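Everything below belongs to data-v2.cif, which stores mmCIF, C-alpha atoms.
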```
data_structure
#
loop_
_atom_site.group_PDB
_atom_site.id
_atom_site.type_symbol
_atom_site.label_atom_id
_atom_site.label_comp_id
_atom_site.auth_asym_id
_atom_site.auth_seq_id
_atom_site.Cartn_x
_atom_site.Cartn_y
_atom_site.Cartn_z
ATOM 1 C CA MET A 44 81.024 140.309 119.225
ATOM 2 C CA ALA A 45 83.053 140.909 122.349
ATOM 3 C CA LEU A 46 83.553 138.021 124.734
ATOM 4 C CA PRO A 47 82.164 138.695 128.235
ATOM 5 C CA LEU A 48 84.825 139.128 130.886
ATOM 6 C CA LEU A 49 84.975 136.992 133.987
ATOM 7 C CA THR A 50 85.059 139.298 136.980
ATOM 8 C CA ASP A 51 85.071 138.743 140.724
ATOM 9 C CA LEU A 52 81.283 138.599 140.562
ATOM 10 C CA ALA A 53 81.459 135.776 138.032
ATOM 11 C CA ARG A 54 83.278 133.426 140.370
ATOM 12 C CA PRO A 55 81.304 130.326 141.321
ATOM 13 C CA THR A 56 80.424 129.831 144.954
ATOM 14 C CA PRO A 57 81.160 126.654 146.933
ATOM 15 C CA HIS A 58 77.453 125.823 146.738
ATOM 16 C CA GLU A 59 77.411 126.136 142.933
ATOM 17 C CA LEU A 60 80.468 123.947 142.564
ATOM 18 C CA GLY A 61 79.209 121.327 144.945
ATOM 19 C CA HIS A 62 82.747 120.605 146.151
ATOM 20 C CA GLU A 63 84.311 120.541 149.559
ATOM 21 C CA GLN A 64 85.579 123.879 150.852
ATOM 22 C CA THR A 65 89.235 122.850 150.521
ATOM 23 C CA GLU A 66 88.879 122.155 146.804
ATOM 24 C CA TYR A 67 87.014 125.405 146.249
ATOM 25 C CA THR A 68 89.709 127.393 148.080
ATOM 26 C CA ASP A 69 92.359 125.733 145.928
ATOM 27 C CA LEU A 70 90.450 126.703 142.790
ATOM 28 C CA LEU A 71 90.256 130.331 143.884
ATOM 29 C CA ARG A 72 94.003 130.399 144.463
ATOM 30 C CA GLN A 73 94.479 129.321 140.840
ATOM 31 C CA PHE A 74 91.892 131.890 139.707
ATOM 32 C CA ASP A 75 93.895 134.659 141.368
ATOM 33 C CA GLN A 76 97.315 133.467 140.169
ATOM 34 C CA PRO A 77 99.060 136.097 138.004
ATOM 35 C CA GLY A 78 99.134 135.075 134.351
ATOM 36 C CA ALA A 79 96.305 132.544 134.698
ATOM 37 C CA CYS A 80 93.828 132.320 131.832
ATOM 38 C CA VAL A 81 90.320 131.648 133.144
ATOM 39 C CA VAL A 82 87.494 130.605 130.828
ATOM 40 C CA CYS A 83 83.962 129.353 131.404
ATOM 41 C CA LEU A 84 82.624 126.709 128.990
ATOM 42 C CA ASP A 85 79.119 125.436 128.437
ATOM 43 C CA PRO A 86 78.465 121.634 128.409
ATOM 44 C CA SER A 87 79.287 121.505 124.676
ATOM 45 C CA LEU A 88 82.730 122.974 125.553
ATOM 46 C CA ALA A 89 81.943 126.240 123.792
ATOM 47 C CA VAL A 90 83.563 129.364 125.261
ATOM 48 C CA GLN A 91 81.077 131.518 127.191
ATOM 49 C CA GLN A 92 83.200 133.912 129.270
ATOM 50 C CA ALA A 93 86.883 134.573 129.899
ATOM 51 C CA ASN A 94 89.215 136.909 131.779
ATOM 52 C CA ARG A 95 91.565 139.514 130.304
ATOM 53 C CA GLU A 96 94.600 137.219 130.460
ATOM 54 C CA PHE A 97 92.755 134.780 128.225
ATOM 55 C CA PHE A 98 92.336 137.557 125.654
ATOM 56 C CA ARG A 99 96.020 138.415 125.909
ATOM 57 C CA GLN A 100 97.047 134.845 125.150
ATOM 58 C CA PHE A 101 94.432 134.166 122.460
ATOM 59 C CA ASP A 102 93.755 137.636 121.080
ATOM 60 C CA ASP A 103 94.059 136.622 117.442
ATOM 61 C CA ALA A 104 92.394 133.211 117.753
ATOM 62 C CA SER A 105 89.129 134.647 116.449
ATOM 63 C CA THR A 106 87.327 137.953 116.092
ATOM 64 C CA ASP A 107 84.401 136.258 117.788
ATOM 65 C CA VAL A 108 85.691 133.760 120.344
ATOM 66 C CA CYS A 109 82.372 133.459 122.141
ATOM 67 C CA GLY A 110 80.764 130.191 121.104
ATOM 68 C CA ARG A 111 83.963 128.681 119.777
ATOM 69 C CA ASP A 112 84.899 125.125 120.777
ATOM 70 C CA PHE A 113 87.591 125.352 123.449
ATOM 71 C CA SER A 114 89.411 122.350 121.995
ATOM 72 C CA ASP A 115 90.130 124.407 118.860
ATOM 73 C CA LEU A 116 92.559 126.417 121.003
ATOM 74 C CA LEU A 117 94.580 123.285 121.833
ATOM 75 C CA HIS A 118 97.202 121.635 119.677
ATOM 76 C CA PRO A 119 95.799 118.680 117.683
ATOM 77 C CA SER A 120 98.240 116.283 119.356
ATOM 78 C CA VAL A 121 96.590 116.757 122.767
ATOM 79 C CA ARG A 122 93.039 117.531 121.689
ATOM 80 C CA GLN A 123 91.530 114.038 121.869
ATOM 81 C CA ALA A 124 93.126 113.217 125.218
ATOM 82 C CA VAL A 125 91.747 116.418 126.757
ATOM 83 C CA LYS A 126 88.308 115.816 125.262
ATOM 84 C CA ARG A 127 88.230 112.440 126.984
ATOM 85 C CA GLN A 128 88.945 114.167 130.289
ATOM 86 C CA PHE A 129 86.117 116.636 129.702
ATOM 87 C CA SER A 130 83.770 113.745 128.872
ATOM 88 C CA ARG A 131 84.420 112.289 132.317
ATOM 89 C CA LEU A 132 83.402 115.600 133.885
ATOM 90 C CA LEU A 133 80.190 115.674 131.890
ATOM 91 C CA ASP A 134 79.176 112.078 132.616
ATOM 92 C CA GLY A 135 79.823 112.470 136.332
ATOM 93 C CA SER A 136 82.805 110.089 136.489
ATOM 94 C CA ARG A 137 84.796 112.895 138.080
ATOM 95 C CA HIS A 138 84.258 116.518 139.032
ATOM 96 C CA ARG A 139 87.750 117.886 138.436
ATOM 97 C CA PHE A 140 90.945 117.112 136.520
ATOM 98 C CA THR A 141 94.400 118.613 136.084
ATOM 99 C CA THR A 142 96.691 117.957 133.132
ATOM 100 C CA HIS A 143 99.330 119.572 130.926
ATOM 101 C CA VAL A 144 98.476 120.761 127.424
ATOM 102 C CA VAL A 145 99.927 122.583 124.467
ATOM 103 C CA ALA A 146 97.768 125.567 123.539
ATOM 104 C CA ILE A 147 97.869 127.680 120.380
ATOM 105 C CA GLY A 148 97.764 131.373 121.221
ATOM 106 C CA ALA A 149 98.320 134.686 119.482
ATOM 107 C CA GLU A 150 99.746 134.484 115.956
ATOM 108 C CA GLY A 151 99.826 130.696 116.124
ATOM 109 C CA ALA A 152 102.437 130.611 118.903
ATOM 110 C CA ALA A 153 102.426 127.379 120.916
ATOM 111 C CA PHE A 154 102.857 127.388 124.672
ATOM 112 C CA THR A 155 102.744 124.689 127.320
ATOM 113 C CA SER A 156 100.266 125.141 130.103
ATOM 114 C CA GLY A 157 98.866 123.437 133.156
ATOM 115 C CA LEU A 158 95.109 123.026 132.813
ATOM 116 C CA THR A 159 92.634 122.587 135.663
ATOM 117 C CA ALA A 160 88.957 122.022 134.876
ATOM 118 C CA VAL A 161 86.076 121.850 137.368
ATOM 119 C CA ALA A 162 82.453 120.942 136.674
ATOM 120 C CA VAL A 163 79.919 123.482 137.958
ATOM 121 C CA ARG A 164 76.696 121.593 138.634
ATOM 122 C CA GLU A 165 73.039 122.455 139.022
ATOM 123 C CA GLY A 166 71.744 120.257 141.796
ATOM 124 C CA SER A 167 73.530 116.955 142.261
ATOM 125 C CA ALA A 168 73.938 115.788 138.671
ATOM 126 C CA HIS A 169 73.466 118.229 135.798
ATOM 127 C CA VAL A 170 76.634 120.027 134.652
ATOM 128 C CA ALA A 171 75.729 123.653 133.981
ATOM 129 C CA SER A 172 79.222 124.778 132.948
ATOM 130 C CA ILE A 173 82.922 123.991 133.230
ATOM 131 C CA LEU A 174 85.438 126.404 134.712
ATOM 132 C CA VAL A 175 88.914 126.075 133.172
ATOM 133 C CA VAL A 176 92.124 127.623 134.464
ATOM 134 C CA LEU A 177 95.224 127.641 132.227
ATOM 135 C CA ARG A 178 98.583 128.479 133.796
ATOM 136 C CA PRO A 179 101.289 128.875 131.106
ATOM 137 C CA THR A 180 104.573 127.335 132.219
ATOM 138 C CA ALA A 181 107.861 129.217 132.252
ATOM 139 C CA GLY A 182 109.331 129.378 128.766
ATOM 140 C CA GLY A 183 106.180 127.865 127.314
ATOM 141 C CA GLU A 184 106.067 130.260 124.392
ATOM 142 C CA GLU A 185 109.351 128.820 123.112
ATOM 143 C CA VAL A 186 107.860 125.381 122.426
ATOM 144 C CA ASP A 187 109.239 123.883 119.217
ATOM 145 C CA ILE A 188 106.026 122.456 117.834
ATOM 146 C CA VAL A 189 104.231 122.450 114.502
ATOM 147 C CA THR A 190 101.236 124.764 114.839
ATOM 148 C CA ASP A 191 100.217 125.769 111.318
ATOM 149 C CA ARG A 192 98.867 122.400 110.191
ATOM 150 C CA LYS A 193 101.592 121.819 107.600
ATOM 151 C CA LYS A 194 101.015 118.711 105.519
ATOM 152 C CA LEU A 195 104.378 117.259 106.531
ATOM 153 C CA LEU A 196 103.849 113.592 105.719
ATOM 154 C CA THR A 197 102.475 111.456 102.953
ATOM 155 C CA GLU A 198 99.986 108.747 103.891
ATOM 156 C CA THR A 199 102.693 106.076 103.591
ATOM 157 C CA GLU A 200 105.159 108.065 105.720
ATOM 158 C CA ALA A 201 102.496 108.520 108.390
ATOM 159 C CA ARG A 202 101.792 104.791 108.573
ATOM 160 C CA ILE A 203 105.514 103.993 108.733
ATOM 161 C CA LEU A 204 106.039 106.537 111.514
ATOM 162 C CA GLU A 205 103.154 104.985 113.460
ATOM 163 C CA GLY A 206 104.662 101.532 112.995
ATOM 164 C CA ILE A 207 108.109 102.633 114.156
ATOM 165 C CA ALA A 208 106.562 104.330 117.194
ATOM 166 C CA ALA A 209 104.783 101.035 117.969
ATOM 167 C CA GLY A 210 108.112 99.186 117.893
ATOM 168 C CA LEU A 211 107.868 97.470 114.501
ATOM 169 C CA SER A 212 111.026 96.724 112.548
ATOM 170 C CA THR A 213 111.471 96.940 108.781
ATOM 171 C CA ILE A 214 110.212 93.491 107.753
ATOM 172 C CA PRO A 215 106.921 93.608 109.719
ATOM 173 C CA LEU A 216 106.354 97.140 108.421
ATOM 174 C CA ALA A 217 106.942 95.996 104.840
ATOM 175 C CA SER A 218 104.471 93.140 105.286
ATOM 176 C CA ARG A 219 101.836 95.363 106.874
ATOM 177 C CA LEU A 220 102.070 98.083 104.221
ATOM 178 C CA TYR A 221 102.662 95.809 101.198
ATOM 179 C CA LEU A 222 106.027 97.396 100.525
ATOM 180 C CA SER A 223 109.446 95.931 99.850
ATOM 181 C CA ARG A 224 112.110 96.132 102.528
ATOM 182 C CA GLN A 225 113.932 98.665 100.369
ATOM 183 C CA GLY A 226 110.740 100.674 100.035
ATOM 184 C CA VAL A 227 110.354 100.916 103.804
ATOM 185 C CA GLU A 228 113.990 101.949 104.230
ATOM 186 C CA TYR A 229 113.537 104.631 101.559
ATOM 187 C CA HIS A 230 110.591 106.163 103.406
ATOM 188 C CA VAL A 231 112.356 105.916 106.768
ATOM 189 C CA THR A 232 115.309 107.831 105.304
ATOM 190 C CA ARG A 233 112.923 110.525 104.074
ATOM 191 C CA LEU A 234 111.348 110.761 107.533
ATOM 192 C CA LEU A 235 114.748 111.106 109.200
ATOM 193 C CA ARG A 236 115.604 113.970 106.839
ATOM 194 C CA LYS A 237 112.254 115.706 107.242
ATOM 195 C CA LEU A 238 112.425 115.669 111.027
ATOM 196 C CA ARG A 239 116.199 116.215 111.069
ATOM 197 C CA VAL A 240 117.105 113.305 113.305
ATOM 198 C CA PRO A 241 119.828 110.609 113.072
ATOM 199 C CA ASN A 242 117.929 107.407 113.906
ATOM 200 C CA ARG A 243 114.525 105.802 114.522
ATOM 201 C CA ALA A 244 114.484 106.351 118.272
ATOM 202 C CA ALA A 245 115.132 110.055 117.783
ATOM 203 C CA LEU A 246 112.490 110.091 115.041
ATOM 204 C CA VAL A 247 109.770 108.943 117.435
ATOM 205 C CA SER A 248 110.914 111.308 120.181
ATOM 206 C CA ARG A 249 111.001 114.240 117.771
ATOM 207 C CA ALA A 250 107.566 113.395 116.349
ATOM 208 C CA TYR A 251 106.031 113.468 119.827
ATOM 209 C CA SER A 252 107.898 116.626 120.838
ATOM 210 C CA ILE A 253 106.644 118.650 117.864
ATOM 211 C CA GLY A 254 103.096 117.297 118.078
ATOM 212 C CA VAL A 255 102.997 115.099 114.969
ATOM 213 C CA LEU A 256 102.024 112.018 117.014
ATOM 214 C CA ASN A 257 98.922 112.125 119.195
ATOM 215 C CA VAL A 258 99.544 112.270 122.931
ATOM 216 C CA GLY A 259 97.782 109.619 125.046
ATOM 217 C CA CYS A 260 96.991 107.388 122.064
ATOM 218 C CA TRP A 261 97.864 103.694 121.589
ATOM 219 C CA PRO A 262 98.649 102.322 119.139
ATOM 220 C CA PRO A 263 100.513 105.477 118.048
ATOM 221 C CA LYS A 264 98.581 107.700 115.639
ATOM 222 C CA VAL A 265 99.812 110.590 113.506
ATOM 223 C CA VAL A 266 97.690 113.735 113.852
ATOM 224 C CA ASP A 267 95.517 113.849 110.727
ATOM 225 C CA ASP A 268 96.182 117.572 110.246
ATOM 226 C CA PHE A 269 99.761 116.846 109.192
ATOM 227 C CA VAL A 270 99.050 114.156 106.574
ATOM 228 C CA LYS A 271 98.848 115.139 102.897
#
```

If you took the structure in this file and wrote it as structure tokens, what would it be?
Amino acid sequence: MALPLLTDLARPTPHELGHEQTEYTDLLRQFDQPGACVVCLDPSLAVQQANREFFRQFDDASTDVCGRDFSDLLHPSVRQAVKRQFSRLLDGSRHRFTTHVVAIGAEGAAFTSGLTAVAVREGSAHVASILVVLRPTAGGEEVDIVTDRKKLLTETEARILEGIAAGLSTIPLASRLYLSRQGVEYHVTRLLRKLRVPNRAALVSRAYSIGVLNVGCWPPKVVDDFVK
């Protein structure tokens, strides 16, 4: 089933958005920006409509994108943080947010993007839909990030990586995981080799940069998709 296209006639009016004119004008500027992906979501965050640029970026995401959860198009490392932002739109805590995300487009290619989301309300409270604008950043398609859900880490390696990211040294990690000190060092060495880094600080930085650790999560948590 083909996904309906957002056209000029599909643009919300200032009355529908319920925002001040300045915010609405700003939204339209983003709508018209070359390269912007525009998608309309229902309150469950399912895709309802999108523009042609959205299709260009996500053309192999699904043969039937309509009805698909928008968060499925985001990298797992940012998914929960963005869902929390959407929840605030739906419960009325805010009517708009802007953030940066990593999206998974055509053929599994990752790209960084600025994301702006605005709640479109019926009356003063009920959220009828959410308008999302994605603006891929320059060079975003060159992001070095794991996108194919490889099972990179064992359960023990994942817990050790989380502990290192939280600032724990070898002895506290050994006590927490019921391992010997030598056992912890063995797994740390394996992690350094897997992520091709020279030390623990670089290990944490690399894990965040390739999306193995969840963004906006404390204590640090490895994305479940990458645990065997």

Show me, as a Markdown table, the residues of range 121-234 of chain A having an atom within 7 Å of range 256-271 of chain A, each with the closest atom pair and its distance in Å, using only C-alpha atoms.
```
| residue | atom | partner | partner_atom | distance |
| --- | --- | --- | --- | --- |
| A:Val121 | CA | A:Val258 | CA | 5.4 |
| A:Ala124 | CA | A:Gly259 | CA | 5.9 |
| A:Arg192 | CA | A:Asp268 | CA | 5.5 |
| A:Lys193 | CA | A:Phe269 | CA | 5.5 |
| A:Lys194 | CA | A:Phe269 | CA | 4.3 |
| A:Leu195 | CA | A:Phe269 | CA | 5.3 |
| A:Leu196 | CA | A:Val270 | CA | 4.9 |
| A:Thr197 | CA | A:Lys271 | CA | 5.2 |
| A:Glu198 | CA | A:Val270 | CA | 6.1 |
| A:Ala201 | CA | A:Val265 | CA | 6.1 |
| A:Glu205 | CA | A:Pro263 | CA | 5.3 |
| A:Ala208 | CA | A:Pro263 | CA | 6.2 |
| A:Ala209 | CA | A:Pro263 | CA | 6.2 |
```

Under the rule that all atoms listed in the file are counted, which of A:Gly206, A:Pro86, A:Arg95, A:Ala149 is the nearest residue to Lys126 in chain A? A:Pro86

Do you have the CA of Arg164 in chain A-CA of Phe97 in chain A distance handy? 23.2 Å

Mind checking which residues fall within 10 Å of range 218-235 of chain A, counting all atoms listed in the file, ignoring those fewer than 4 positions away in the same chain, and posting them as a PyMOL selection string? chain A and resi 195-197+199-204+206-207+211-214+239-243+245-247+249-250

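Between CA of Ser136 in chain A and CA of Pro179 in chain A the separation is 26.9 Å.
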
Selection: 12 Å around Val125 in chain A, all atoms listed in the file, excl. self and same-chain fewer than 6 positions, as a PyMOL selection string: chain A and resi 88+113-119+131-132+140-146+157-160+175+257-260

Length of the CA of His138 in chain A to CA of Ala162 in chain A vector [Å]: 5.3 Å

Could you check the closest approach to Asp134 in chain A for each of A:Ser248, A:His169, A:Ala217, A:Phe101 and tell me which residue wins, using all atoms listed in the file? A:His169

For a quick check of understanding, using only C-alpha atoms, which of A:Cys109, A:Val81, A:Ile253, A:Val170 has the smallest distance to Thr155 in chain A? A:Ile253

I'd like the residues picked by the PyMOL selection byres ((chain A and resi 89) around 10) written out as a PyMOL selection string, using the chain letters and numbers from the file. chain A and resi 82-88+90-92+108-115+172-173

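The smallest atom-to-atom distance between Thr180 in chain A and any of A:Val255, A:Asn94, A:Lys237, A:Ser156, using all atoms listed in the file, is found for A:Ser156.
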
Per-axis box centre and lengths in Å around range 154-162 of chain A, 8 Å margin per side, axis-aligned, as AutoDock Vina command-line options:
```
--center_x 92.7 --center_y 124.2 --center_z 131.0 --size_x 36.4 --size_y 22.4 --size_z 28.7
```
